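> Attaching a single structure in structure tokens format; questions to follow.
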Amino acid sequence: MTTRRDFLKQSAFATGALLFPSFSKHLFRDAEKKYEPGLQLYTVRDAMAKDPKGTLSRVANIGYKLVEGATYTGTERYYGMKPEAFLKVLNGYGLKLPSSHYMLGAIERNGSYPKGTILHDWDRAVDDAAKIGQKYMVCAYLDQRVRKNLDDYKKLCDIFNKAGETCKKAGIQFCYHNHNFEFKKMDGQVPYEYLLKNTDKDLVKMEMDIYWVYKGNADPLKLFKEHPGRFVLWHVKDMDNTPKHFFTEVGNGIIDFKKIFKHADEAGLQHFFVEQDVCPGSPFTSIKESIHYLEHNIPSVA
């Protein structure tokens, strides 16, 4: 039962929210923003190659709500399916695919350039992404042959801006996914910082792979502070406490995800995806451990 005192408190609180909207927004930010657990399907790549439908069913049953695609380049299919067919499968398991990975497409394979890449048949890739309801298209990796020096990164900035313009016309955001090589200085500059400063901040956002940032001896929180709102996607991947600093399940390693998630708003986070490149046993066991940790230790994970 609501007492008169409770009613007066609630009324005063509501009035304060109306009079001071910026204060209200800050006050309720943590309570309002929730993130559905996502999985980068590269983690279960072998299973997806053999039985995509059965694999997606298992992923959904474990509790993941979102998935991020890891294959389209070269086939212009989502795990062998056209976008409409793949969307139907996803809907059947209650899954959403807000994002997928793509390659640059600058390296020939078997005498030709792979299609469905940023450099080849990108319009088709964007159209298919729109059909499936994607909101993000991510450059997954840069071959060593296309990033030999800062001049190469300068060319990449132009390419990414153009790719971002094409995405924007379809209501999609272009992003770049890092590894650790971007944090090794070239001519006194850090390539990752160069990308951040020389791409349009609205056309090119970042998918931060938190593991690889630490592997590159960089600080995610420092990047959030210096480039607020730029890191709309995260790969949540942990690092084990061994000299190798190898992949491990989220919560089993040395990365303080509790601290990092407290800066999600500053980063601009919209979605995160658990990823574990190599698992010690069944990847399904690993992804179950990771989601269990996140749901029980990170308040903003729904």
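By convention in this document, the chains of the structure tokens carry letters A, B, ... by their order, each chain's residues are numbered from 1, and ligands are numbered from 1 in the order they are shown.
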Excluding Ser57 of chain A and any residue of its chain fewer than 5 positions from it, enumerate the residues within 12 Å of it, using only C-alpha atoms, and give them as a list in words.
Ala47, Met48, Asp51, Pro52, Ile62, Gly63, Tyr64, Lys65, Val67, Val89, Leu90, Asn91, Gly92, Tyr93, Gly94, Leu95 and Phe284 of chain A
> Write a file of the selected residues as a tab-separated table (two decimals), in the first residue's frame, keeping C-alpha atoms.

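Once written, out.tsv looks like this:
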chain	number	residue	atom	x	y	z
A	47	ALA	CA	29.68	-26.37	-34.95
A	48	MET	CA	28.17	-23.62	-37.13
A	51	ASP	CA	24.99	-27.69	-38.21
A	52	PRO	CA	24.10	-23.99	-38.04
A	62	ILE	CA	22.20	-21.46	-22.96
A	63	GLY	CA	20.67	-17.99	-22.64
A	64	TYR	CA	22.18	-15.80	-25.32
A	65	LYS	CA	19.78	-13.34	-26.93
A	67	VAL	CA	24.57	-13.30	-32.00
A	89	VAL	CA	15.98	-19.40	-38.44
A	90	LEU	CA	17.08	-16.73	-35.98
A	91	ASN	CA	13.49	-15.72	-35.25
A	92	GLY	CA	12.59	-19.35	-34.64
A	93	TYR	CA	15.08	-19.48	-31.77
A	94	GLY	CA	14.35	-16.02	-30.40
A	95	LEU	CA	17.72	-14.67	-31.50
A	284	PHE	CA	29.49	-24.68	-25.43
> At most 12 Å is the cut-off: for each residue in segment 119-215 of chain A with any atom that close to an atom of segment 98-102 of chain A, write down the nearest atom pair and the distance in Å rounded to one decimal, counting only C-alpha atoms, chain first then increasing number, as a Markdown table.

| residue | atom | partner | partner_atom | distance |
| --- | --- | --- | --- | --- |
| A:Leu119 | CA | A:Tyr102 | CA | 10.3 |
| A:His120 | CA | A:Tyr102 | CA | 11.0 |
| A:Asp121 | CA | A:Tyr102 | CA | 11.6 |
| A:Trp122 | CA | A:Tyr102 | CA | 9.6 |
| A:Ala125 | CA | A:Tyr102 | CA | 8.9 |
| A:Val126 | CA | A:Tyr102 | CA | 10.6 |
| A:Asp128 | CA | A:Ser100 | CA | 11.1 |
| A:Ala129 | CA | A:Ser100 | CA | 8.3 |
| A:Ala130 | CA | A:Pro98 | CA | 10.1 |
| A:Lys131 | CA | A:Pro98 | CA | 11.5 |
| A:Ile132 | CA | A:Pro98 | CA | 8.6 |
| A:Gly133 | CA | A:Pro98 | CA | 6.8 |
| A:Gln134 | CA | A:Pro98 | CA | 4.4 |
| A:Lys135 | CA | A:Pro98 | CA | 5.3 |
| A:Tyr136 | CA | A:Ser99 | CA | 4.6 |
| A:Met137 | CA | A:Ser100 | CA | 5.5 |
| A:Val138 | CA | A:His101 | CA | 4.8 |
| A:Cys139 | CA | A:Tyr102 | CA | 5.1 |
| A:Ala140 | CA | A:His101 | CA | 5.3 |
| A:Tyr141 | CA | A:Tyr102 | CA | 8.1 |
| A:Leu142 | CA | A:Tyr102 | CA | 10.5 |
| A:Ala163 | CA | A:Tyr102 | CA | 11.4 |
| A:Ile172 | CA | A:Ser99 | CA | 9.5 |
| A:Gln173 | CA | A:Ser99 | CA | 9.4 |
| A:Phe174 | CA | A:Ser99 | CA | 9.7 |
| A:Cys175 | CA | A:His101 | CA | 9.3 |
| A:Tyr176 | CA | A:His101 | CA | 9.3 |
| A:His177 | CA | A:His101 | CA | 8.6 |
| A:Asn178 | CA | A:His101 | CA | 11.9 |
| A:Glu207 | CA | A:Ser99 | CA | 10.2 |
> Write to file, as a short mmCIF file (atom, residue, chain, number, x, y, z; two decimals), in the first residue's frame, the residues of the selection just made, with C-alpha atoms.

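Output saved as part_30.cif:
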data_model
loop_
_atom_site.label_atom_id
_atom_site.label_comp_id
_atom_site.auth_asym_id
_atom_site.auth_seq_id
_atom_site.Cartn_x
_atom_site.Cartn_y
_atom_site.Cartn_z
CA LEU A 119 36.22 -3.44 -51.40
CA HIS A 120 34.19 -5.84 -53.53
CA ASP A 121 30.40 -5.96 -53.83
CA TRP A 122 29.95 -3.91 -50.65
CA ALA A 125 26.59 -6.84 -48.54
CA VAL A 126 24.91 -3.73 -47.17
CA ASP A 128 21.68 -8.09 -47.37
CA ALA A 129 22.53 -6.73 -43.93
CA ALA A 130 19.53 -4.42 -44.14
CA LYS A 131 17.27 -7.35 -45.08
CA ILE A 132 18.29 -9.22 -41.95
CA GLY A 133 17.87 -6.16 -39.74
CA GLN A 134 21.52 -5.56 -38.92
CA LYS A 135 22.46 -2.24 -37.40
CA TYR A 136 26.24 -2.75 -37.55
CA MET A 137 28.73 -3.99 -40.14
CA VAL A 138 32.23 -4.55 -38.82
CA CYS A 139 35.64 -4.75 -40.50
CA ALA A 140 36.97 -7.84 -38.76
CA TYR A 141 40.68 -7.88 -39.53
CA LEU A 142 43.46 -6.34 -41.60
CA ALA A 163 32.19 2.23 -46.47
CA ILE A 172 23.56 0.87 -40.67
CA GLN A 173 26.65 1.85 -38.68
CA PHE A 174 30.10 0.84 -39.92
CA CYS A 175 32.65 -0.26 -37.27
CA TYR A 176 36.23 -1.42 -36.98
CA HIS A 177 37.31 -4.37 -34.81
CA ASN A 178 40.78 -4.22 -33.30
CA GLU A 207 34.04 -2.58 -31.86
#
> For Asp277 of chain A, which residue out of A:Ala70, A:Ile260, A:Val204, A:Leu196 is the nearest one, using only C-alpha atoms?
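Of all the options, A:Ala70 lies closest to Asp277 of chain A.
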> When distances are computed from only C-alpha atoms, which of A:Asn61, A:Asn241, A:Thr248, A:Thr199 shows the smallest separation from Lys162 of chain A?
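Ranking A:Asn61, A:Asn241, A:Thr248, A:Thr199 by distance to Lys162 of chain A, first place goes to A:Thr199.
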> Atom CA of Leu41 of chain A and atom CA of Phe86 of chain A, how far apart in Å?
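Computing it gives 13.8 Å between the two atoms.
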> With only C-alpha atoms as the atoms that count, which of A:Phe273, A:Lys169, A:Lys201, A:Leu104 lies nearest to Leu156 of chain A?
A:Leu104
> For each of A:Lys88, A:Gly216, A:Asp46, A:Thr117, take the minimum atom-to-atom distance to Tyr72 of chain A, counting only C-alpha atoms, then give the residue where this is smallest.
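Under the stated criterion, the closest residue is A:Thr117.
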> Between A:Leu39, A:Leu233, A:Ile210, A:Val301, which one has atoms that come closest to Asp256 of chain A, using only C-alpha atoms?
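Closest candidate: A:Ile210.
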> Could you give me the residues within segment 48-262 of chain A that DSSP places in strand (DSSP E), as a PyMOL selection string?
chain A and resi 66-69+96-102+136-139+173-177+204-209+233-236+238-239+247-248
> Could you tell me how far atom CA of Phe257 of chain A sits from atom CA of Tyr293 of chain A, in Å to one decimal place?
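That distance, rounded to one decimal, is 10.2 Å.
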> Using Å and a single decimal, report how far atom CA of Lys244 of chain A sits from atom CA of Trp212 of chain A.
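Between these atoms lies a distance of 13.2 Å.
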> Tell me which protein, DNA and RNA residues are within 8 Å of Ile254 of chain A, counting only C-alpha atoms, leaving out same-chain ones fewer than 5 positions away, and put them as a PDB file with C-alpha atoms, in the first residue's frame.

ATOM      1  CA  ASP A 238      39.039 -12.664 -20.873  1.00  0.00           C
ATOM      2  CA  MET A 239      42.786 -13.202 -20.448  1.00  0.00           C
ATOM      3  CA  ASP A 240      44.206 -15.978 -18.283  1.00  0.00           C
ATOM      4  CA  ASN A 241      46.734 -15.428 -15.502  1.00  0.00           C
TER       5      ASN A 241
END
> Pick from A:Met186, A:Leu87, A:Ile255, A:Ile118: nearest to Pro220 of chain A, with only C-alpha atoms counted?
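Among the listed residues, the smallest separation from Pro220 of chain A belongs to A:Ile255.
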